[in-house]
file model_38.txt (compact mmCIF, C-alpha atoms)
# COMPACT_ATOMS: atom_id res chain seq x y z
CA MET A 434 19.84 82.62 123.40
CA GLN A 435 22.84 80.27 123.17
CA THR A 436 22.12 78.96 126.68
CA LYS A 437 18.55 78.17 125.67
CA ASP A 438 19.70 76.33 122.54
CA ASN A 439 22.23 74.36 124.59
CA TYR A 440 19.59 73.36 127.10
CA ILE A 441 17.21 72.19 124.37
CA LYS A 442 20.04 70.04 123.04
CA ARG A 443 20.76 68.85 126.60
CA PHE A 444 17.14 67.69 126.87
CA LYS A 445 17.49 65.76 123.60
CA ILE A 446 20.79 64.18 124.74
CA ILE A 447 19.30 62.96 128.02
CA ASN A 448 16.23 61.64 126.22
CA SER A 449 18.44 59.78 123.76
CA ILE A 450 20.40 58.16 126.61
CA ARG A 451 17.21 57.11 128.39
CA GLU A 452 15.82 55.63 125.17
CA PHE A 453 19.05 53.67 124.67
CA LEU A 454 19.08 52.26 128.20
CA ASN A 455 15.36 51.52 128.29
CA LYS A 456 15.56 49.73 124.94
CA ASN A 457 18.38 47.58 126.34
CA GLY A 458 16.25 46.45 129.27
CA TYR A 459 17.48 48.80 132.00
CA ILE A 460 15.20 50.05 134.79
CA GLU A 461 15.53 53.65 135.99
CA VAL A 462 15.66 53.87 139.79
CA GLU A 463 16.13 56.48 142.53
CA THR A 464 18.56 56.23 145.44
CA PRO A 465 19.09 58.47 148.50
CA VAL A 466 20.60 61.93 148.10
CA LEU A 467 21.28 62.11 151.85
CA GLN A 468 23.62 59.27 152.80
CA PRO A 469 24.93 58.30 156.27
CA VAL A 470 28.14 57.03 154.63
CA TYR A 471 29.29 58.50 151.34
CA GLY A 472 31.16 56.42 148.78
CA GLY A 473 31.46 55.33 145.17
CA ALA A 474 34.17 57.88 144.32
CA ASN A 475 37.22 59.59 145.75
CA ALA A 476 35.92 63.06 146.53
CA LYS A 477 35.33 65.50 149.38
CA PRO A 478 31.62 65.67 150.31
CA PHE A 479 29.21 68.30 151.55
CA LYS A 480 27.75 67.38 154.91
CA THR A 481 24.60 68.30 156.80
CA PHE A 482 22.74 67.31 159.98
CA HIS A 483 19.35 65.69 160.47
CA HIS A 484 17.97 66.97 163.78
CA ALA A 485 15.12 64.46 164.22
CA LEU A 486 17.50 61.52 163.81
CA ASP A 487 20.35 63.35 165.58
CA GLN A 488 22.64 62.15 162.84
CA GLU A 489 25.15 63.58 160.39
CA PHE A 490 24.47 62.96 156.70
CA PHE A 491 26.37 63.64 153.49
CA LEU A 492 25.12 64.80 150.10
CA ARG A 493 25.93 61.93 147.79
CA ILE A 494 29.12 62.06 145.74
CA ALA A 495 27.96 59.04 143.69
CA THR A 496 25.11 56.53 143.50
CA GLU A 497 27.30 53.48 142.94
CA LEU A 498 27.04 51.61 146.24
CA TYR A 499 23.24 51.83 146.37
CA LEU A 500 22.85 50.76 142.75
CA LYS A 501 25.06 47.73 143.31
CA GLN A 502 22.94 46.78 146.32
CA LEU A 503 20.01 46.66 143.89
CA ILE A 504 22.01 44.26 141.71
CA VAL A 505 22.42 42.09 144.82
CA GLY A 506 18.65 42.36 145.35
CA GLY A 507 17.88 40.88 141.93
CA PHE A 508 17.61 43.95 139.66
CA GLU A 509 19.89 42.83 136.83
CA LYS A 510 20.00 46.12 134.86
CA VAL A 511 19.60 49.46 136.64
CA TYR A 512 20.47 53.10 136.00
CA GLU A 513 20.04 56.47 137.65
CA MET A 514 20.35 59.98 136.24
CA SER A 515 21.34 61.74 139.44
CA LYS A 516 22.42 65.04 140.88
CA ASP A 517 25.69 64.46 142.73
CA PHE A 518 27.64 66.89 144.91
CA ARG A 519 31.38 67.23 145.50
CA ASN A 520 32.92 69.90 147.70
CA GLU A 521 35.75 70.71 145.33
CA GLY A 522 37.04 73.41 143.03
CA ILE A 523 35.20 75.09 140.17
CA ASP A 524 36.68 75.32 136.69
CA ARG A 525 35.60 74.96 133.07
CA SER A 526 34.76 71.26 133.48
CA HIS A 527 33.80 71.08 137.18
CA ASN A 528 30.74 72.32 139.08
CA PRO A 529 30.08 71.31 142.71
CA GLU A 530 26.57 70.16 141.74
CA PHE A 531 26.52 68.08 138.57
CA THR A 532 24.51 65.47 136.70
CA MET A 533 25.84 61.93 136.57
CA LEU A 534 24.53 58.83 134.83
CA GLU A 535 25.43 55.54 136.50
CA PHE A 536 24.33 52.15 135.20
CA TYR A 537 25.06 48.55 136.22
CA GLN A 538 24.44 45.23 134.52
CA ALA A 539 24.72 41.77 136.03
CA TYR A 540 26.76 39.16 134.13
CA ALA A 541 28.74 41.82 132.26
CA ASP A 542 32.32 43.07 132.58
CA TYR A 543 34.41 46.08 131.64
CA ASN A 544 34.97 44.85 128.08
CA PHE A 545 31.20 44.74 127.55
CA MET A 546 30.84 48.16 129.17
CA MET A 547 33.42 49.74 126.85
CA ASP A 548 31.50 48.43 123.82
CA PHE A 549 28.20 49.55 125.34
CA VAL A 550 29.40 53.09 126.16
CA GLU A 551 30.84 53.51 122.66
CA GLU A 552 27.54 52.42 121.15
CA MET A 553 25.68 54.85 123.43
CA PHE A 554 27.88 57.85 122.54
CA LYS A 555 27.54 57.16 118.82
CA LYS A 556 23.78 56.78 119.11
CA VAL A 557 23.41 60.06 121.03
CA ALA A 558 25.61 61.93 118.53
CA THR A 559 23.56 60.53 115.63
CA ASP A 560 20.27 61.50 117.30
CA LEU A 561 21.60 65.03 117.77
CA GLY A 562 22.83 65.20 114.17
CA VAL A 563 26.47 65.53 115.17
CA LYS A 564 28.99 63.72 112.97
CA LYS A 565 32.28 65.48 113.59
CA ILE A 566 33.23 67.89 116.37
CA SER A 567 35.65 70.80 116.15
CA TRP A 568 37.02 71.31 119.64
CA ASP A 569 39.70 73.86 120.49
CA GLY A 570 41.19 73.58 117.00
CA ASN A 571 41.01 69.76 116.94
CA ASN A 572 38.70 67.63 114.82
CA ILE A 573 37.04 64.79 116.73
CA ASP A 574 35.31 61.94 114.92
CA LEU A 575 32.96 59.92 117.14
CA SER A 576 32.12 57.52 114.30
CA LYS A 577 35.50 55.80 114.42
CA LYS A 578 36.42 52.95 116.77
CA PHE A 579 37.35 54.25 120.24
CA ALA A 580 41.03 53.57 121.04
CA ARG A 581 41.95 51.34 124.00
CA LYS A 582 45.31 51.76 125.76
CA THR A 583 46.63 50.82 129.18
CA MET A 584 47.69 53.51 131.60
CA ASP A 585 51.33 52.44 131.61
CA GLU A 586 51.38 52.33 127.78
CA LEU A 587 50.16 55.93 127.62
CA ILE A 588 52.67 57.14 130.20
CA LYS A 589 55.48 55.50 128.24
CA GLU A 590 54.13 56.95 124.97
CA HIS A 591 53.78 60.54 126.18
CA THR A 592 56.63 60.87 128.71
CA GLY A 593 59.20 58.33 127.54
CA HIS A 594 59.29 56.77 131.00
CA SER A 595 58.48 53.11 131.62
CA ILE A 596 57.14 52.89 135.16
CA ASP A 597 55.82 50.40 137.72
CA LEU A 598 52.61 52.13 138.79
CA THR A 599 52.48 50.13 142.03
CA ASP A 600 55.86 51.42 143.23
CA SER A 601 55.39 54.74 145.06
CA LYS A 602 59.09 55.62 144.99
CA ALA A 603 59.37 54.93 141.25
CA VAL A 604 56.26 57.02 140.56
CA PHE A 605 57.62 59.85 142.74
CA ASP A 606 60.97 59.78 140.91
CA VAL A 607 59.24 60.06 137.53
CA CYS A 608 57.10 62.93 138.82
CA LYS A 609 60.24 64.83 139.80
CA LYS A 610 61.84 64.13 136.40
CA LEU A 611 58.71 65.56 134.79
CA ASP A 612 58.87 68.68 137.05
CA LEU A 613 55.52 67.86 138.65
CA LYS A 614 54.67 69.35 142.03
CA VAL A 615 54.41 66.33 144.33
CA LYS A 616 55.69 65.44 147.78
CA LYS A 617 57.08 62.13 149.04
CA THR A 618 54.20 62.04 151.51
CA ASP A 619 51.59 62.24 148.72
CA SER A 620 49.51 59.14 148.08
CA LEU A 621 50.23 56.96 145.07
CA ALA A 622 46.81 57.93 143.71
CA LYS A 623 47.64 61.63 143.89
CA MET A 624 51.00 61.19 142.14
CA ILE A 625 49.54 59.08 139.33
CA ASP A 626 46.72 61.59 138.95
CA GLU A 627 49.30 64.37 138.60
CA ILE A 628 51.12 62.51 135.83
CA MET A 629 47.89 61.75 133.99
CA ARG A 630 46.38 65.20 134.43
CA ARG A 631 49.47 67.14 133.40
CA LYS A 632 51.17 64.95 130.83
CA ILE A 633 48.68 62.46 129.37
CA GLU A 634 45.05 63.60 129.45
CA PRO A 635 45.54 66.84 127.44
CA ASN A 636 46.83 64.68 124.57
CA LEU A 637 43.78 62.39 124.50
CA ILE A 638 41.70 64.27 121.94
CA ASN A 639 39.96 61.50 120.02
CA PRO A 640 37.99 58.98 122.11
CA THR A 641 40.42 56.84 124.12
CA TYR A 642 39.80 54.28 126.84
CA VAL A 643 42.54 54.36 129.49
CA MET A 644 42.60 50.84 130.95
CA ASN A 645 44.05 48.74 133.76
CA HIS A 646 44.42 51.15 136.66
CA PRO A 647 46.43 50.08 139.76
CA VAL A 648 44.49 48.43 142.61
CA GLU A 649 45.37 51.19 145.08
CA ILE A 650 43.54 53.85 143.06
CA SER A 651 40.60 51.59 142.14
CA PRO A 652 39.05 50.41 145.42
CA LEU A 653 35.79 49.18 143.83
CA ALA A 654 37.16 47.40 140.75
CA LYS A 655 37.92 43.71 140.27
CA VAL A 656 41.55 42.62 139.90
CA ASN A 657 42.64 41.79 136.35
CA ARG A 658 41.77 38.23 135.41
CA ASP A 659 44.95 37.88 133.30
CA GLY A 660 47.01 37.22 136.44
CA ASP A 661 48.27 40.77 137.02
CA THR A 662 47.10 41.17 140.63
CA ASP A 663 48.41 44.75 140.83
CA SER A 664 46.00 46.19 138.25
CA THR A 665 42.23 46.22 137.84
CA GLU A 666 39.64 45.79 135.11
CA ARG A 667 38.89 49.50 135.02
CA PHE A 668 38.62 52.05 132.23
CA GLU A 669 38.24 55.79 131.90
CA LEU A 670 37.06 57.35 128.63
CA PHE A 671 38.79 60.56 127.57
CA ILE A 672 37.76 62.86 124.73
CA ALA A 673 39.05 66.38 124.07
CA GLY A 674 41.38 66.04 127.06
CA MET A 675 38.48 65.49 129.51
CA GLU A 676 37.25 62.41 131.34
CA PHE A 677 33.75 61.41 130.26
CA ALA A 678 33.25 57.94 131.72
CA ASN A 679 34.65 55.71 134.45
CA GLY A 680 33.75 52.05 134.57
CA PHE A 681 34.90 48.61 135.62
CA SER A 682 34.24 44.99 136.31
CA GLU A 683 32.74 45.45 139.76
CA LEU A 684 34.49 43.91 142.75
CA ASN A 685 32.07 41.36 144.21
CA ASP A 686 34.35 39.58 146.69
CA ALA A 687 33.17 40.74 150.14
CA GLU A 688 36.49 39.98 151.88
CA ASP A 689 38.57 41.76 149.25
CA GLN A 690 36.19 44.75 149.29
CA ALA A 691 36.29 44.93 153.10
CA GLN A 692 40.10 45.01 153.07
CA ARG A 693 40.13 47.76 150.44
CA PHE A 694 37.67 49.80 152.50
CA HIS A 695 39.98 49.33 155.52
CA ASN A 696 42.89 50.62 153.40
CA GLN A 697 40.80 53.62 152.34
CA ALA A 698 39.86 54.32 155.96
CA LYS A 699 43.55 54.29 156.93
CA ALA A 700 44.30 56.73 154.12
CA LYS A 701 41.52 59.01 155.39
CA GLU A 702 42.95 58.89 158.92
CA ALA A 703 46.34 59.80 157.45
CA GLY A 704 44.87 62.97 155.95
CA ASP A 705 43.46 61.94 152.55
CA HIS A 706 40.11 63.77 152.65
CA GLU A 707 38.98 62.14 149.38
CA ALA A 708 39.43 58.55 150.57
CA MET A 709 36.33 56.45 151.25
CA PHE A 710 34.80 55.32 154.55
CA TYR A 711 34.29 51.69 155.50
CA ASP A 712 30.72 50.96 154.38
CA ALA A 713 29.42 48.06 156.51
CA ASP A 714 25.99 48.01 154.80
CA PHE A 715 27.58 47.53 151.39
CA ILE A 716 29.87 44.77 152.69
CA ARG A 717 26.83 43.02 154.19
CA ALA A 718 25.11 43.19 150.80
CA LEU A 719 28.14 41.65 149.07
CA GLU A 720 28.16 38.84 151.62
CA TYR A 721 24.71 37.84 150.40
CA GLY A 722 26.24 37.57 146.94
CA MET A 723 26.53 39.90 143.95
CA PRO A 724 26.79 38.31 140.49
CA PRO A 725 29.65 39.33 138.18
CA THR A 726 28.70 42.88 137.21
CA GLY A 727 29.83 45.64 134.88
CA GLY A 728 29.22 49.26 135.80
CA CYS A 729 29.91 52.75 134.52
CA GLY A 730 29.42 56.41 135.36
CA ILE A 731 29.16 59.15 132.72
CA GLY A 732 29.34 62.91 133.28
CA ILE A 733 26.26 64.28 131.53
CA ASP A 734 27.31 67.93 131.71
CA ARG A 735 30.60 67.21 129.94
CA LEU A 736 28.86 65.16 127.27
CA VAL A 737 26.57 68.13 126.61
CA MET A 738 29.63 70.40 126.47
CA LEU A 739 31.19 68.17 123.83
CA LEU A 740 28.11 67.79 121.64
CA THR A 741 27.23 71.51 121.79
CA ASN A 742 30.85 72.67 121.36
CA SER A 743 30.65 74.58 124.66
CA PRO A 744 34.02 75.49 126.22
CA SER A 745 32.70 75.75 129.80
CA ILE A 746 30.40 73.66 131.97
CA ARG A 747 28.65 76.93 132.90
CA ASP A 748 27.35 77.09 129.32
CA VAL A 749 25.34 73.88 129.68
CA ILE A 750 23.87 74.30 133.18
CA LEU A 751 20.96 76.68 133.64
CA PHE A 752 22.00 77.77 137.14
CA PRO A 753 25.74 77.13 137.62
CA HIS A 754 27.38 77.93 140.95
CA MET A 755 29.24 81.24 140.82
CA ARG A 756 31.15 83.32 143.31
CA ALA A 757 28.86 85.85 145.01
CA GLU A 758 29.06 89.42 143.75
CA ALA A 759 30.73 91.90 146.06
CA ASN A 760 28.33 94.34 147.74
call {"tool": "encode", "arguments": {"input": "model_38.txt", "output": "structure tokens"}}
result
Amino acid sequence: MQTKDNYIKRFKIINSIREFLNKNGYIEVETPVLQPVYGGANAKPFKTFHHALDQEFFLRIATELYLKQLIVGGFEKVYEMSKDFRNEGIDRSHNPEFTMLEFYQAYADYNFMMDFVEEMFKKVATDLGVKKISWDGNNIDLSKKFARKTMDELIKEHTGHSIDLTDSKAVFDVCKKLDLKVKKTDSLAKMIDEIMRRKIEPNLINPTYVMNHPVEISPLAKVNRDGDTDSTERFELFIAGMEFANGFSELNDAEDQAQRFHNQAKAKEAGDHEAMFYDADFIRALEYGMPPTGGCGIGIDRLVMLLTNSPSIRDVILFPHMRAEAN
């Protein structure tokens, strides 16, 4: 009975989001599930084979690169409520098949997107009749202003270590001081993720935007306009210790994007299975010209978890993936 109630609420949440986006002039679109080159996130994909075309395809891990090609094509506000697939572990907040909302707006940036996402979350909570949330013994108030802090500020605040997030050796040294399981051969992205996941994210209970991620771990985000060429105009929204949204001022410089794809390809060759491919079609689209654009992705399943006070993603999906029963 609880699962049914959760799904009815899920339906209302998705409807509320669609109403919000439609009212703000967005067009809902559909992009390919089978992709010849996967991208838009750092994740390990599922792959399949199309016999008629004699070609390998991947189940999409994100819709980002296709949606941004639509921005290039003159669609100034687009969104997609998609099923994405990532060949990764299963836990209380991860399922290999999940629902993701991605939306992009021309002539916007990450500051606009942070305001827009906050407005969306508050509208959805109001429509559902949720004012305050009790989560794992913590009270969460979505009506208050969402906090905004840079990644290095949060690391300093919660670990006591001031760190240059572009210096792999410095990041490795801090990881060892914090007794985190990393190796010198690990990528900078993996080491930063370990610090954030183990020491920072569990403390982010009330809505908090984590801002200004290093360039190396943000291959699709524009470099900060304030002159700091080592960080990007990117944010992640955390609530109840979980990531709910990831957005940025989209990188629209074709040469810069091509070089970052080359760097990702080198990382993949070096053994990073989650690094991206070089996507020639997307680079070609950027060469035609993409206006300044803000974009964001939101995990719908986690948002339903939060607003229904469900401790596991399995409680908000009708048919979650489970390990097969032994015969």
call {"tool": "residues_around", "arguments": {"input": "model_38.txt", "residues": "A:Pro635", "least_positions_apart": "2", "cutoff": "6 Å", "atoms": "all atoms listed in the file", "output": "ChimeraX atom specification"}}
result
/A:633,637,674
call {"tool": "closest_atom_pairs", "arguments": {"input": "model_38.txt", "of": "stretch 435-494 of chain A", "to": "stretch 545-558 of chain A", "cutoff": "12 Å", "atoms": "only C-alpha atoms", "output": "CSV"}}
result
residue,atom,partner,partner_atom,distance
A:Lys442,CA,A:Val557,CA,10.7
A:Arg443,CA,A:Val557,CA,10.7
A:Phe444,CA,A:Val557,CA,11.5
A:Lys445,CA,A:Val557,CA,8.6
A:Ile446,CA,A:Val557,CA,6.1
A:Ile447,CA,A:Val557,CA,8.6
A:Asn448,CA,A:Val557,CA,9.0
A:Ser449,CA,A:Val557,CA,5.7
A:Ile450,CA,A:Val557,CA,6.6
A:Arg451,CA,A:Val557,CA,10.1
A:Glu452,CA,A:Val557,CA,9.7
A:Phe453,CA,A:Met553,CA,6.8
A:Leu454,CA,A:Met553,CA,8.5
A:Asn455,CA,A:Met553,CA,11.9
A:Lys456,CA,A:Met553,CA,11.4
A:Asn457,CA,A:Phe549,CA,10.1
call {"tool": "residues_near_point", "arguments": {"input": "model_38.txt", "point": "(44.4, 56.1, 142.0)", "cutoff": "9 Å", "atoms": "only C-alpha atoms", "output": "JSON, numbers by chain"}}
result
{"A": [475, 620, 621, 622, 623, 624, 625, 626, 646, 647, 648, 649, 650, 651, 652]}
call {"tool": "closest_atom_pairs", "arguments": {"input": "model_38.txt", "of": "stretch 512-596 of chain A", "to": "stretch 705-725 of chain A", "cutoff": "9 Å", "atoms": "all atoms listed in the file", "output": "tab-separated table"}}
result
residue	atom	partner	partner_atom	distance
A:Gln538	CA	A:Pro725	CA	8.7
A:Ala539	CA	A:Pro725	CA	5.9
A:Tyr540	CA	A:Pro725	CA	5.0
A:Ala541	CA	A:Pro725	CA	6.5
A:Asp542	CA	A:Pro725	CA	7.2
call {"tool": "write_last_selection", "arguments": {"input": "model_38.txt", "atoms": "C-alpha atoms", "output": "JSON list (two decimals), keeping the file's coordinate frame"}}
result
[["chain", "number", "residue", "atom", "x", "y", "z"],
["A", 538, "GLN", "CA", 24.44, 45.23, 134.52],
["A", 539, "ALA", "CA", 24.72, 41.77, 136.03],
["A", 540, "TYR", "CA", 26.76, 39.16, 134.13],
["A", 541, "ALA", "CA", 28.74, 41.82, 132.26],
["A", 542, "ASP", "CA", 32.32, 43.07, 132.58]]
call {"tool": "atom_distance", "arguments": {"input": "model_38.txt", "atom1": "atom CA of A:Val505", "atom2": "atom CA of A:Asn657"}}
result
21.9 Å
call {"tool": "build_atoms", "arguments": {"input": "model_38.txt", "residues": "stretch 687-712 of chain A", "atoms": "N, CA and C atoms", "output": "PDB file, in the frame of the given file"}}
result
ATOM      1  N   ALA A 687      33.415  39.957 148.919  1.00  0.00           N
ATOM      2  CA  ALA A 687      33.170  40.740 150.140  1.00  0.00           C
ATOM      3  C   ALA A 687      34.442  40.914 150.973  1.00  0.00           C
ATOM      4  N   GLU A 688      35.268  39.883 151.077  1.00  0.00           N
ATOM      5  CA  GLU A 688      36.490  39.980 151.880  1.00  0.00           C
ATOM      6  C   GLU A 688      37.485  40.944 151.268  1.00  0.00           C
ATOM      7  N   ASP A 689      37.663  40.851 149.954  1.00  0.00           N
ATOM      8  CA  ASP A 689      38.570  41.760 149.250  1.00  0.00           C
ATOM      9  C   ASP A 689      38.075  43.203 149.379  1.00  0.00           C
ATOM     10  N   GLN A 690      36.746  43.399 149.189  1.00  0.00           N
ATOM     11  CA  GLN A 690      36.190  44.750 149.290  1.00  0.00           C
ATOM     12  C   GLN A 690      36.343  45.314 150.689  1.00  0.00           C
ATOM     13  N   ALA A 691      36.144  44.480 151.718  1.00  0.00           N
ATOM     14  CA  ALA A 691      36.290  44.930 153.100  1.00  0.00           C
ATOM     15  C   ALA A 691      37.731  45.390 153.357  1.00  0.00           C
ATOM     16  N   GLN A 692      38.704  44.627 152.865  1.00  0.00           N
ATOM     17  CA  GLN A 692      40.100  45.010 153.070  1.00  0.00           C
ATOM     18  C   GLN A 692      40.423  46.311 152.357  1.00  0.00           C
ATOM     19  N   ARG A 693      39.871  46.502 151.167  1.00  0.00           N
ATOM     20  CA  ARG A 693      40.130  47.760 150.440  1.00  0.00           C
ATOM     21  C   ARG A 693      39.485  48.939 151.139  1.00  0.00           C
ATOM     22  N   PHE A 694      38.291  48.736 151.713  1.00  0.00           N
ATOM     23  CA  PHE A 694      37.670  49.800 152.500  1.00  0.00           C
ATOM     24  C   PHE A 694      38.526  50.131 153.723  1.00  0.00           C
ATOM     25  N   HIS A 695      39.093  49.090 154.369  1.00  0.00           N
ATOM     26  CA  HIS A 695      39.980  49.330 155.520  1.00  0.00           C
ATOM     27  C   HIS A 695      41.190  50.172 155.084  1.00  0.00           C
ATOM     28  N   ASN A 696      41.746  49.853 153.912  1.00  0.00           N
ATOM     29  CA  ASN A 696      42.890  50.620 153.400  1.00  0.00           C
ATOM     30  C   ASN A 696      42.492  52.068 153.127  1.00  0.00           C
ATOM     31  N   GLN A 697      41.288  52.268 152.582  1.00  0.00           N
ATOM     32  CA  GLN A 697      40.800  53.620 152.340  1.00  0.00           C
ATOM     33  C   GLN A 697      40.612  54.380 153.649  1.00  0.00           C
ATOM     34  N   ALA A 698      40.074  53.686 154.656  1.00  0.00           N
ATOM     35  CA  ALA A 698      39.860  54.320 155.960  1.00  0.00           C
ATOM     36  C   ALA A 698      41.187  54.753 156.583  1.00  0.00           C
ATOM     37  N   LYS A 699      42.221  53.924 156.423  1.00  0.00           N
ATOM     38  CA  LYS A 699      43.550  54.290 156.930  1.00  0.00           C
ATOM     39  C   LYS A 699      44.087  55.518 156.203  1.00  0.00           C
ATOM     40  N   ALA A 700      43.858  55.568 154.899  1.00  0.00           N
ATOM     41  CA  ALA A 700      44.300  56.730 154.120  1.00  0.00           C
ATOM     42  C   ALA A 700      43.576  57.992 154.586  1.00  0.00           C
ATOM     43  N   LYS A 701      42.289  57.853 154.909  1.00  0.00           N
ATOM     44  CA  LYS A 701      41.520  59.010 155.390  1.00  0.00           C
ATOM     45  C   LYS A 701      42.069  59.489 156.733  1.00  0.00           C
ATOM     46  N   GLU A 702      42.380  58.535 157.630  1.00  0.00           N
ATOM     47  CA  GLU A 702      42.950  58.890 158.920  1.00  0.00           C
ATOM     48  C   GLU A 702      44.298  59.571 158.774  1.00  0.00           C
ATOM     49  N   ALA A 703      45.010  59.214 157.693  1.00  0.00           N
ATOM     50  CA  ALA A 703      46.340  59.800 157.450  1.00  0.00           C
ATOM     51  C   ALA A 703      46.251  61.164 156.773  1.00  0.00           C
ATOM     52  N   GLY A 704      45.021  61.622 156.493  1.00  0.00           N
ATOM     53  CA  GLY A 704      44.870  62.970 155.950  1.00  0.00           C
ATOM     54  C   GLY A 704      44.342  63.061 154.537  1.00  0.00           C
ATOM     55  N   ASP A 705      44.020  61.915 153.903  1.00  0.00           N
ATOM     56  CA  ASP A 705      43.460  61.940 152.550  1.00  0.00           C
ATOM     57  C   ASP A 705      41.954  62.167 152.649  1.00  0.00           C
ATOM     58  N   HIS A 706      41.516  63.416 152.468  1.00  0.00           N
ATOM     59  CA  HIS A 706      40.110  63.770 152.650  1.00  0.00           C
ATOM     60  C   HIS A 706      39.200  63.165 151.580  1.00  0.00           C
ATOM     61  N   GLU A 707      39.788  62.707 150.468  1.00  0.00           N
ATOM     62  CA  GLU A 707      38.980  62.140 149.380  1.00  0.00           C
ATOM     63  C   GLU A 707      38.842  60.626 149.478  1.00  0.00           C
ATOM     64  N   ALA A 708      39.537  59.998 150.417  1.00  0.00           N
ATOM     65  CA  ALA A 708      39.430  58.550 150.570  1.00  0.00           C
ATOM     66  C   ALA A 708      38.046  58.171 151.092  1.00  0.00           C
ATOM     67  N   MET A 709      37.663  56.907 150.878  1.00  0.00           N
ATOM     68  CA  MET A 709      36.330  56.450 151.250  1.00  0.00           C
ATOM     69  C   MET A 709      36.274  55.979 152.696  1.00  0.00           C
ATOM     70  N   PHE A 710      35.056  55.941 153.255  1.00  0.00           N
ATOM     71  CA  PHE A 710      34.800  55.320 154.550  1.00  0.00           C
ATOM     72  C   PHE A 710      34.670  53.801 154.364  1.00  0.00           C
ATOM     73  N   TYR A 711      34.672  53.100 155.491  1.00  0.00           N
ATOM     74  CA  TYR A 711      34.290  51.690 155.500  1.00  0.00           C
ATOM     75  C   TYR A 711      32.773  51.647 155.500  1.00  0.00           C
ATOM     76  N   ASP A 712      32.179  51.018 154.506  1.00  0.00           N
ATOM     77  CA  ASP A 712      30.720  50.960 154.380  1.00  0.00           C
ATOM     78  C   ASP A 712      30.239  49.555 154.742  1.00  0.00           C
TER      79      ASP A 712
END
